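S.K.: The following file, coords.txt, comprises compact mmCIF, C-alpha atoms:
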# COMPACT_ATOMS: atom_id res chain seq x y z
CA MET A 42 -63.32 57.82 102.00
CA ALA A 43 -64.93 56.47 98.89
CA ASN A 44 -63.59 57.64 95.60
CA THR A 45 -66.59 59.12 93.83
CA LEU A 46 -64.90 59.63 90.47
CA SER A 47 -64.66 56.63 88.21
CA THR A 48 -61.65 56.07 85.97
CA LYS A 49 -63.84 56.77 82.95
CA THR A 50 -64.87 60.14 84.33
CA LEU A 51 -61.26 61.11 84.76
CA ARG A 52 -60.48 59.98 81.21
CA ASP A 53 -63.37 62.07 79.87
CA LYS A 54 -62.16 65.13 81.74
CA TYR A 55 -58.64 64.60 80.46
CA ARG A 56 -59.75 64.02 76.90
CA ALA A 57 -62.03 67.06 76.86
CA ALA A 58 -59.30 69.27 78.26
CA GLN A 59 -56.73 67.99 75.77
CA VAL A 60 -58.88 68.53 72.71
CA GLN A 61 -60.19 71.91 73.83
CA GLN A 62 -56.65 73.04 74.47
CA ALA A 63 -55.57 71.84 71.04
CA LEU A 64 -58.51 73.57 69.40
CA ARG A 65 -57.80 76.89 71.03
CA ASN A 66 -54.04 76.85 70.66
CA ALA A 67 -53.34 74.96 67.46
CA VAL A 68 -56.14 76.05 65.19
CA VAL A 69 -55.60 78.95 62.84
CA ALA A 70 -59.36 79.47 62.51
CA GLU A 71 -59.57 80.42 66.18
CA LYS A 72 -57.03 83.17 65.66
CA VAL A 73 -58.66 84.88 62.70
CA CYS A 74 -62.39 84.43 63.35
CA ILE A 75 -64.75 85.39 66.12
CA VAL A 76 -65.56 82.10 67.87
CA ASP A 77 -69.03 81.53 69.27
CA ARG A 78 -69.34 78.67 71.76
CA SER A 79 -72.93 79.30 72.78
CA ASP A 80 -75.65 76.70 72.21
CA LEU A 81 -77.33 78.68 69.46
CA LYS A 82 -78.19 76.95 66.19
CA THR A 83 -78.60 80.30 64.44
CA ILE A 84 -76.76 83.53 65.13
CA SER A 85 -78.09 86.79 63.72
CA SER A 86 -75.89 89.30 61.98
CA PRO A 87 -74.28 91.67 64.48
CA TYR A 88 -74.23 94.46 61.90
CA LEU A 89 -76.67 97.31 61.42
CA THR A 90 -77.00 99.72 58.53
CA ALA A 91 -74.23 102.28 58.34
CA ILE A 92 -74.97 105.74 59.70
CA SER A 93 -74.02 108.77 57.63
CA SER A 94 -72.94 112.01 59.23
CA VAL A 95 -73.74 115.38 57.71
CA VAL A 96 -71.48 118.38 57.90
CA GLN A 97 -73.29 121.67 57.31
CA ALA A 98 -73.27 125.37 58.15
CA VAL A 99 -74.86 125.98 61.55
CA VAL A 100 -78.63 125.83 61.15
CA GLY A 101 -79.76 123.38 63.88
CA THR A 102 -81.90 121.08 61.74
CA TYR A 103 -81.41 117.47 60.67
CA SER A 104 -83.12 114.57 58.86
CA PRO A 105 -82.96 111.22 60.69
CA ALA A 106 -82.64 108.04 58.61
CA ALA A 107 -84.14 104.75 59.80
CA PHE A 108 -81.66 102.44 61.52
CA THR A 109 -82.22 98.88 60.33
CA THR A 110 -80.81 95.48 61.17
CA THR A 111 -79.41 93.21 58.48
CA ASP A 112 -81.42 90.05 57.97
CA ASP A 113 -78.57 87.59 57.84
CA THR A 114 -77.85 84.52 59.95
CA LEU A 115 -75.20 81.95 60.68
CA THR A 116 -76.68 78.45 60.87
CA VAL A 117 -74.92 75.54 62.51
CA ALA A 118 -75.48 72.85 59.88
CA ASP A 119 -72.31 70.74 59.85
CA GLU A 120 -70.61 68.38 62.23
CA VAL A 121 -67.21 66.74 62.57
CA ILE A 122 -67.05 63.24 63.99
CA ALA A 123 -64.00 61.11 64.68
CA ALA A 124 -64.79 57.61 65.89
CA THR A 125 -62.66 54.62 66.73
CA HIS A 126 -62.85 51.36 68.60
CA VAL A 127 -60.11 50.23 70.96
CA PHE A 128 -60.29 46.47 71.55
CA ASP A 129 -59.58 45.24 75.04
CA PHE A 130 -56.71 42.99 73.91
CA GLU A 131 -55.02 45.98 72.30
CA GLN A 132 -55.47 48.08 75.41
CA SER A 133 -54.35 45.29 77.74
CA LEU A 134 -51.40 44.00 75.77
CA ALA A 135 -49.93 47.26 74.50
CA ASN A 136 -46.45 48.20 75.65
CA PHE A 137 -47.35 51.88 75.69
CA ASP A 138 -50.20 54.09 76.81
CA LEU A 139 -52.76 53.22 74.16
CA PHE A 140 -55.39 55.56 75.59
CA PHE A 141 -53.09 58.54 75.35
CA THR A 142 -52.04 57.64 71.79
CA ALA A 143 -55.62 57.12 70.63
CA ASN A 144 -56.70 60.34 72.28
CA LYS A 145 -53.90 62.29 70.68
CA GLY A 146 -54.65 60.86 67.26
CA MET A 147 -58.31 61.73 67.62
CA THR A 148 -57.46 65.23 68.80
CA ASN A 149 -55.21 65.87 65.81
CA SER A 150 -57.79 64.51 63.40
CA VAL A 151 -60.65 66.65 64.71
CA VAL A 152 -58.57 69.80 65.01
CA THR A 153 -57.27 69.46 61.45
CA ALA A 154 -60.75 68.84 60.06
CA VAL A 155 -62.23 71.83 61.88
CA ASP A 156 -59.42 74.10 60.75
CA LYS A 157 -59.63 72.99 57.12
CA TRP A 158 -63.40 73.50 57.11
CA VAL A 159 -63.27 77.01 58.57
CA VAL A 160 -60.27 78.19 56.53
CA ASN A 161 -61.84 77.04 53.25
CA ASN A 162 -65.15 78.71 54.09
CA LEU A 163 -63.30 81.90 54.90
CA CYS A 164 -61.54 81.78 51.52
CA GLU A 165 -64.76 80.96 49.72
CA ASP A 166 -66.98 83.59 51.29
CA GLY A 167 -64.57 86.52 51.26
CA THR A 168 -65.46 88.94 48.48
CA GLY A 169 -62.16 90.81 48.50
CA ALA A 170 -60.12 89.57 45.54
CA TYR A 171 -56.46 89.68 44.60
CA THR A 172 -54.39 87.77 42.07
CA THR A 173 -50.72 87.41 42.89
CA PRO A 174 -47.87 87.92 40.43
CA SER A 175 -46.80 84.72 38.67
CA GLY A 176 -45.29 82.25 41.13
CA GLY A 177 -47.41 83.36 44.09
CA PHE A 178 -45.81 83.13 47.53
CA THR A 179 -43.22 80.60 46.38
CA THR A 180 -41.38 83.33 44.47
CA SER A 181 -39.53 85.27 47.11
CA ALA A 182 -39.60 88.54 45.16
CA ASN A 183 -43.44 88.47 45.16
CA VAL A 184 -43.97 88.25 48.90
CA VAL A 185 -43.64 91.92 49.83
CA THR A 186 -45.80 92.92 46.85
CA ILE A 187 -48.53 90.45 47.86
CA LEU A 188 -48.54 91.62 51.48
CA ALA A 189 -48.60 95.26 50.36
CA ASN A 190 -51.66 94.52 48.24
CA ILE A 191 -53.44 92.80 51.13
CA ILE A 192 -52.73 95.78 53.38
CA SER A 193 -53.81 98.21 50.68
CA LYS A 194 -57.16 96.47 50.21
CA VAL A 195 -58.21 96.65 53.84
CA SER A 196 -56.49 99.75 55.18
CA GLY A 197 -58.48 102.78 56.23
CA TYR A 198 -61.21 100.80 58.01
CA ALA A 199 -61.45 100.79 61.81
CA ASP A 200 -61.62 96.96 61.71
CA ALA A 201 -57.96 96.97 60.70
CA MET A 202 -57.21 97.45 64.40
CA ASN A 203 -58.11 93.75 64.85
CA GLY A 204 -54.90 92.98 62.99
CA LEU A 205 -54.13 91.62 59.55
CA TYR A 206 -53.45 88.02 58.60
CA VAL A 207 -52.69 85.76 55.70
CA ILE A 208 -53.03 81.97 55.73
CA ILE A 209 -50.62 80.08 53.52
CA GLU A 210 -49.70 76.45 52.93
CA ASN A 211 -46.34 75.10 54.10
CA THR A 212 -45.11 74.88 50.50
CA ASP A 213 -45.34 78.68 50.26
CA LEU A 214 -42.65 79.06 52.91
CA VAL A 215 -39.93 78.46 50.34
CA GLY A 216 -40.60 81.98 49.11
CA ILE A 217 -41.64 83.62 52.37
CA ILE A 218 -38.68 82.60 54.53
CA PRO A 219 -36.03 83.97 52.11
CA ALA A 220 -38.13 87.13 51.78
CA GLN A 221 -38.24 87.52 55.57
CA ALA A 222 -34.54 86.84 55.89
CA GLY A 223 -33.83 89.25 53.08
CA VAL A 224 -35.64 92.13 54.73
CA GLY A 225 -34.35 91.37 58.22
CA PHE A 226 -37.40 89.89 59.94
CA SER A 227 -36.98 87.00 62.36
CA TYR A 228 -39.29 83.99 62.25
CA SER A 229 -37.44 81.08 63.99
CA ASP A 230 -39.23 79.28 66.82
CA ALA A 231 -42.55 81.02 66.33
CA ALA A 232 -43.08 78.73 63.35
CA LEU A 233 -43.71 75.94 65.85
CA ASN A 234 -46.48 77.81 67.60
CA ASN A 235 -49.91 77.75 65.94
CA GLY A 236 -48.31 77.45 62.54
CA PHE A 237 -47.57 81.14 63.02
CA VAL A 238 -44.32 82.32 61.43
CA THR A 239 -44.46 85.74 63.05
CA SER A 240 -45.51 88.64 60.93
CA MET A 241 -44.18 90.62 58.06
CA LEU A 242 -45.11 94.23 57.31
CA GLY A 243 -47.65 93.94 60.14
CA VAL A 244 -49.43 90.97 58.54
CA ASP A 245 -49.55 87.85 60.74
CA ILE A 246 -48.61 84.80 58.70
CA TYR A 247 -50.30 81.49 59.59
CA VAL A 248 -49.22 78.24 58.01
CA VAL A 249 -51.44 75.25 57.32
CA ARG A 250 -50.39 72.02 55.67
CA SER A 251 -50.33 71.52 51.92
CA GLY A 252 -53.72 70.23 50.77
CA THR A 253 -55.76 72.48 53.04
CA PHE A 254 -57.10 74.72 50.27
CA VAL A 255 -59.12 72.37 48.06
CA ASP A 256 -61.90 71.93 45.53
CA GLU A 257 -64.71 69.98 47.21
CA THR A 258 -68.46 69.63 47.17
CA ALA A 259 -70.63 67.93 49.78
CA SER A 260 -67.82 65.58 50.77
CA THR A 261 -66.48 64.14 54.01
CA VAL A 262 -64.12 67.12 54.03
CA SER A 263 -66.48 69.97 53.20
CA GLY A 264 -69.71 68.73 54.81
CA SER A 265 -72.61 70.66 53.28
CA LYS A 266 -70.33 73.23 51.61
CA THR A 267 -68.85 73.62 48.14
CA TRP A 268 -65.39 75.13 47.69
CA THR A 269 -63.18 75.87 44.68
CA ASN A 270 -60.09 76.91 46.61
CA LEU A 271 -57.28 74.90 45.05
CA ASN A 272 -54.46 77.36 44.27
CA HIS A 273 -56.07 79.99 46.46
CA ARG A 274 -55.06 81.45 49.82
CA VAL A 275 -56.87 83.80 52.15
CA GLY A 276 -55.94 86.97 54.00
CA GLY A 277 -57.41 90.18 55.33
CA ILE A 278 -58.62 91.53 58.65
CA LYS A 279 -59.11 89.30 61.69
CA GLN A 280 -62.42 88.92 63.53
CA VAL A 281 -64.77 89.88 60.71
CA ALA A 282 -66.20 86.37 60.25
CA THR A 283 -67.82 84.14 62.87
CA TYR A 284 -67.16 80.46 63.38
CA ALA A 285 -69.59 78.70 65.69
CA ALA A 286 -68.65 75.64 67.71
CA PRO A 287 -71.62 75.09 70.01
CA ARG A 288 -70.52 73.55 73.32
CA GLY A 289 -67.04 72.89 71.94
CA LEU A 290 -66.31 69.19 71.58
CA ARG A 291 -68.37 66.34 72.96
CA PHE A 292 -67.33 62.79 73.72
CA GLU A 293 -68.93 59.40 73.90
CA GLU A 294 -67.22 56.31 75.24
CA LYS A 295 -69.28 53.15 75.19
CA GLY A 296 -69.06 49.39 75.23
CA VAL A 297 -70.74 47.92 72.19
CA THR A 298 -72.30 44.51 71.71
CA GLY A 299 -70.15 41.83 70.09
CA LYS A 300 -66.83 43.62 70.71
CA THR A 301 -64.50 43.82 73.65
CA GLY A 302 -63.06 47.17 74.66
CA MET A 303 -64.59 50.55 74.06
CA GLU A 304 -65.90 52.60 71.16
CA ILE A 305 -64.89 56.25 71.37
CA ALA A 306 -66.45 59.11 69.40
CA THR A 307 -65.64 62.82 69.35
CA ILE A 308 -68.26 65.17 67.97
CA ALA A 309 -68.13 68.87 67.12
CA TYR A 310 -70.87 70.98 65.55
CA LEU A 311 -69.82 73.69 63.14
CA GLY A 312 -71.23 76.83 61.61
CA PHE A 313 -69.55 79.61 59.67
CA LYS A 314 -70.56 83.02 58.42
CA GLN A 315 -68.68 85.75 56.66
CA TRP A 316 -70.95 88.67 57.43
CA THR A 317 -71.93 90.61 54.31
CA PRO A 318 -70.94 94.14 55.47
CA THR A 319 -67.37 92.95 56.13
CA ALA A 320 -67.02 90.36 53.36
CA ALA A 321 -64.69 92.61 51.36
CA LEU A 322 -62.27 92.61 54.30
CA THR A 323 -61.61 88.93 53.72
CA ILE A 324 -59.53 88.58 50.59
CA ASP A 325 -59.64 85.51 48.38
CA ILE A 326 -56.07 85.38 47.03
CA THR A 327 -55.64 83.65 43.68
CA LEU A 328 -52.17 82.24 43.04
CA ALA A 329 -51.05 83.02 39.52
CA MET B 211 -81.76 55.70 45.05
CA ALA B 212 -81.79 57.99 42.03
CA LYS B 213 -81.07 61.67 42.66
CA ASP B 214 -84.00 64.01 42.20
CA ILE B 215 -83.43 66.31 39.26
CA GLU B 216 -84.76 69.83 39.44
CA ASN B 217 -86.56 71.16 36.38
CA ASP B 218 -83.96 73.77 35.65
CA GLU B 219 -80.98 71.50 36.22
CA VAL B 220 -78.94 70.80 33.13
CA VAL B 221 -77.35 67.39 33.32
CA GLU B 222 -74.56 66.95 30.86
CA ALA B 223 -74.07 63.37 29.72
CA PRO B 224 -70.54 62.17 30.43
CA LYS B 225 -68.40 62.11 27.33
CA LYS B 226 -66.97 58.77 26.34
CA GLY B 227 -63.71 58.09 28.08
CA GLU B 228 -64.06 61.02 30.50
CA SER B 229 -62.07 60.38 33.66
CA ALA B 230 -63.55 60.15 37.14
CA ALA B 231 -61.49 63.15 38.22
CA ARG B 232 -62.92 65.24 35.39
CA LEU B 233 -66.47 64.19 36.19
CA ALA B 234 -65.91 64.94 39.87
CA PHE B 235 -64.67 68.43 39.05
CA LYS B 236 -67.65 69.03 36.76
CA ARG B 237 -69.89 68.11 39.70
CA ILE B 238 -68.03 70.63 41.85
CA ILE B 239 -68.53 73.36 39.23
CA GLU B 240 -72.26 72.62 39.00
CA ALA B 241 -72.66 72.63 42.78
CA TYR B 242 -70.63 75.82 42.99
CA LYS B 243 -72.91 77.62 40.54
CA LYS B 244 -75.76 76.97 42.96
CA SER B 245 -73.98 77.61 46.24
CA ASN B 246 -72.13 80.76 45.24
CA PRO B 247 -73.50 82.07 41.92
CA VAL B 248 -71.78 85.47 42.12
CA LYS B 249 -68.31 84.12 42.77
CA SER B 250 -68.88 81.24 40.39
CA GLU B 251 -69.34 83.78 37.62
CA LEU B 252 -66.21 85.66 38.69
CA LYS B 253 -64.16 82.46 38.73
CA LYS B 254 -65.63 81.07 35.52
CA ALA B 255 -62.45 81.36 33.46
CA GLU B 256 -60.31 79.94 36.25
CA LEU B 257 -62.60 76.94 36.75
CA GLU B 258 -62.69 76.25 33.02
CA ALA B 259 -58.91 76.37 32.91
CA LYS B 260 -58.72 73.96 35.84
CA LEU B 261 -61.15 71.61 34.11
CA ALA B 262 -59.13 71.74 30.92
CA LYS B 263 -56.01 70.64 32.82
CA ILE B 264 -57.72 67.54 34.21
CA ALA B 265 -57.13 64.63 31.88
Kindly transcribe the structure held in the file into structure tokens.

M.R.:
Amino acid sequence: MANTLSTKTLRDKYRAAQVQQALRNAVVAEKVCIVDRSDLKTISSPYLTAISSVVQAVVGTYSPAAFTTTDDTLTVADEVIAATHVFDFEQSLANFDLFFTANKGMTNSVVTAVDKWVVNNLCEDGTGAYTTPSGGFTTSANVVTILANIISKVSGYADAMNGLYVIIENTDLVGIIPAQAGVGFSYSDAALNNGFVTSMLGVDIYVVRSGTFVDETASTVSGSKTWTNLNHRVGGIKQVATYAAPRGLRFEEKGVTGKTGMEIATIAYLGFKQWTPTAALTIDITLA
Amino acid sequence: MAKDIENDEVVEAPKKGESAARLAFKRIIEAYKKSNPVKSELKKAELEAKLAKIA
């Protein structure tokens, strides 16, 4: 029976699966935001005006207030592209699986770029604000105080049931790990999974690499956005901001004129919105 | 191609000997004022302090 799948088709399936898996499992942004994978370029705010209840002595009358939608939208206006060219002589003469290596490198690059973009937007657009004691997370004695302040700022809202989080850089662990050890919390192997070093006081701690929180404007890191996040971290309630990745990741593999081998490109479209009614539930943490 | 300058845009001439890093950060501050005016005002002191630290 004829084989109806070409080698390239199998590679595309493998590559798509690998990157999608990495995106969903290894990206902090996916854990703390609502992810929209529909094809929509704009997504309208899911929030309506708040309804007030009236408590009164029994009389049987009431005054209805108009229920209105919030005119606010998420627009997909940025894209992440990783592109490379694998020459045929490199592919043919390599002593290892060059395709796998190239694919893995591309996966890591795209996933890191997406995560950095979303995490910085989250930090930038959150309107909750907190300044840590001097030394920030790197001073062990501050950690419990910082987490207590994060909890305090968002407690009492129903959204808190989504869970609390804080995203830190790896350099902050020098204060957090002794603090966890000191108060008897375990962290061990979980640090290897999603950059998630378990939780402390009910706040899930996610770790990204040093250099994730940055000052950028309209660059190859920030796309169309401007951030001033150096020496900042972000925390708050999960699932109150939306990150859009229409159709997930897309791939192109093509032979190009004048070159042997194949050109490979990975493309992802990105949109982000911290919805106004819940913006205060995302806390921009300033490190003192 | 030269960048279009809006009427209300204030373009500060670079001071003599100002480093590329300092100019880049000034550009970030200007862009930030437009993209997030409310937070830009809140972080004014912090951004000025950051700028002062850049040689």

S.K.: If we count only C-alpha atoms and set the cut-off at 9 Å, which residues sit around region 87-98 of chain A, ignoring sequence neighbours fewer than 2 positions away in its own chain? Please answer as a list of chain:residue names.

M.R.: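 Near region 87-98 of chain A, the qualifying residues are A:Ile84, A:Ser85, A:Val100, A:Gly101, A:Tyr103, A:Ala106, A:Ala107, A:Phe108, A:Thr109, A:Thr110, A:Thr111, A:Asp113, A:Trp316, A:Thr317, A:Pro318.
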
S.K.: State, in Å with one decimal place, the distance from CA of Ser181 (chain A) to CA of Gly223 (chain A).

M.R.: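 Interatomic distance here is 9.2 Å.
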
S.K.: Separation of CA of Lys279 (chain A) and CA of Thr180 (chain A), in Å?

M.R.: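 Answer for the CA of Lys279 (chain A) to CA of Thr180 (chain A) separation: 25.4 Å.
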
S.K.: Specify as a count of residues only all residues of chain A found within 9 Å of chain B, counting only C-alpha atoms.

M.R.: 11

S.K.: So the first atom is CA of Ala199 (chain A) and the second is CA of Glu71 (chain A); what is the distance between them in Å, to one decimal place?

M.R.: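 Here the two named atoms are 20.9 Å from each other.
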
S.K.: Find the residues around Ala262 (chain B) up to 12 Å (only C-alpha atoms counted), leave out those fewer than 2 positions away in its own chain, and share them as a PyMOL selection string.

M.R.: chain B and resi 228+231-233+235-236+255-260+264-265

S.K.: Output C-alpha atoms of each residue in that selection to a file, as an mmCIF file, in the frame of the given file.

M.R.:
data_model
loop_
_atom_site.group_PDB
_atom_site.id
_atom_site.type_symbol
_atom_site.label_atom_id
_atom_site.label_comp_id
_atom_site.auth_asym_id
_atom_site.auth_seq_id
_atom_site.Cartn_x
_atom_site.Cartn_y
_atom_site.Cartn_z
ATOM 1 C CA GLU B 228 -64.060 61.020 30.500
ATOM 2 C CA ALA B 231 -61.490 63.150 38.220
ATOM 3 C CA ARG B 232 -62.920 65.240 35.390
ATOM 4 C CA LEU B 233 -66.470 64.190 36.190
ATOM 5 C CA PHE B 235 -64.670 68.430 39.050
ATOM 6 C CA LYS B 236 -67.650 69.030 36.760
ATOM 7 C CA ALA B 255 -62.450 81.360 33.460
ATOM 8 C CA GLU B 256 -60.310 79.940 36.250
ATOM 9 C CA LEU B 257 -62.600 76.940 36.750
ATOM 10 C CA GLU B 258 -62.690 76.250 33.020
ATOM 11 C CA ALA B 259 -58.910 76.370 32.910
ATOM 12 C CA LYS B 260 -58.720 73.960 35.840
ATOM 13 C CA ILE B 264 -57.720 67.540 34.210
ATOM 14 C CA ALA B 265 -57.130 64.630 31.880
#

S.K.: Can you tell me which residues surround Pro219 (chain A) at a distance of at most 10 Å, considering all atoms listed in the file, apart from same-chain residues fewer than 2 positions away, and format the answer as an MDAnalysis selection string?

M.R.: chainID A and resid 179:182 184 214:217 221:226

S.K.: Which residue is closest to Gly252 (chain A)? Choose from A:Ser240, A:Thr83, A:Thr212, A:Ser104 and count only C-alpha atoms.

M.R.: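 Looking at the shortest contact to Gly252 (chain A), the residue is A:Thr212.
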
S.K.: Set the distance at 10 Å and use only C-alpha atoms: which residues neighbour Thr301 (chain A) once local chain neighbours fewer than 5 positions away are removed? I'd like the list as a ChimeraX atom specification.

M.R.: /A:126-131,296

S.K.: Let me have the centre and edge lengths of the axis-aligned box enclosing all listed atoms of region 268-271 of chain A with 5 Å padding on every side, in Å to one decimal, as JSON.

M.R.:
{"center_x": -61.3, "center_y": 75.9, "center_z": 46.2, "size_x": 18.1, "size_y": 12.0, "size_z": 13.0}
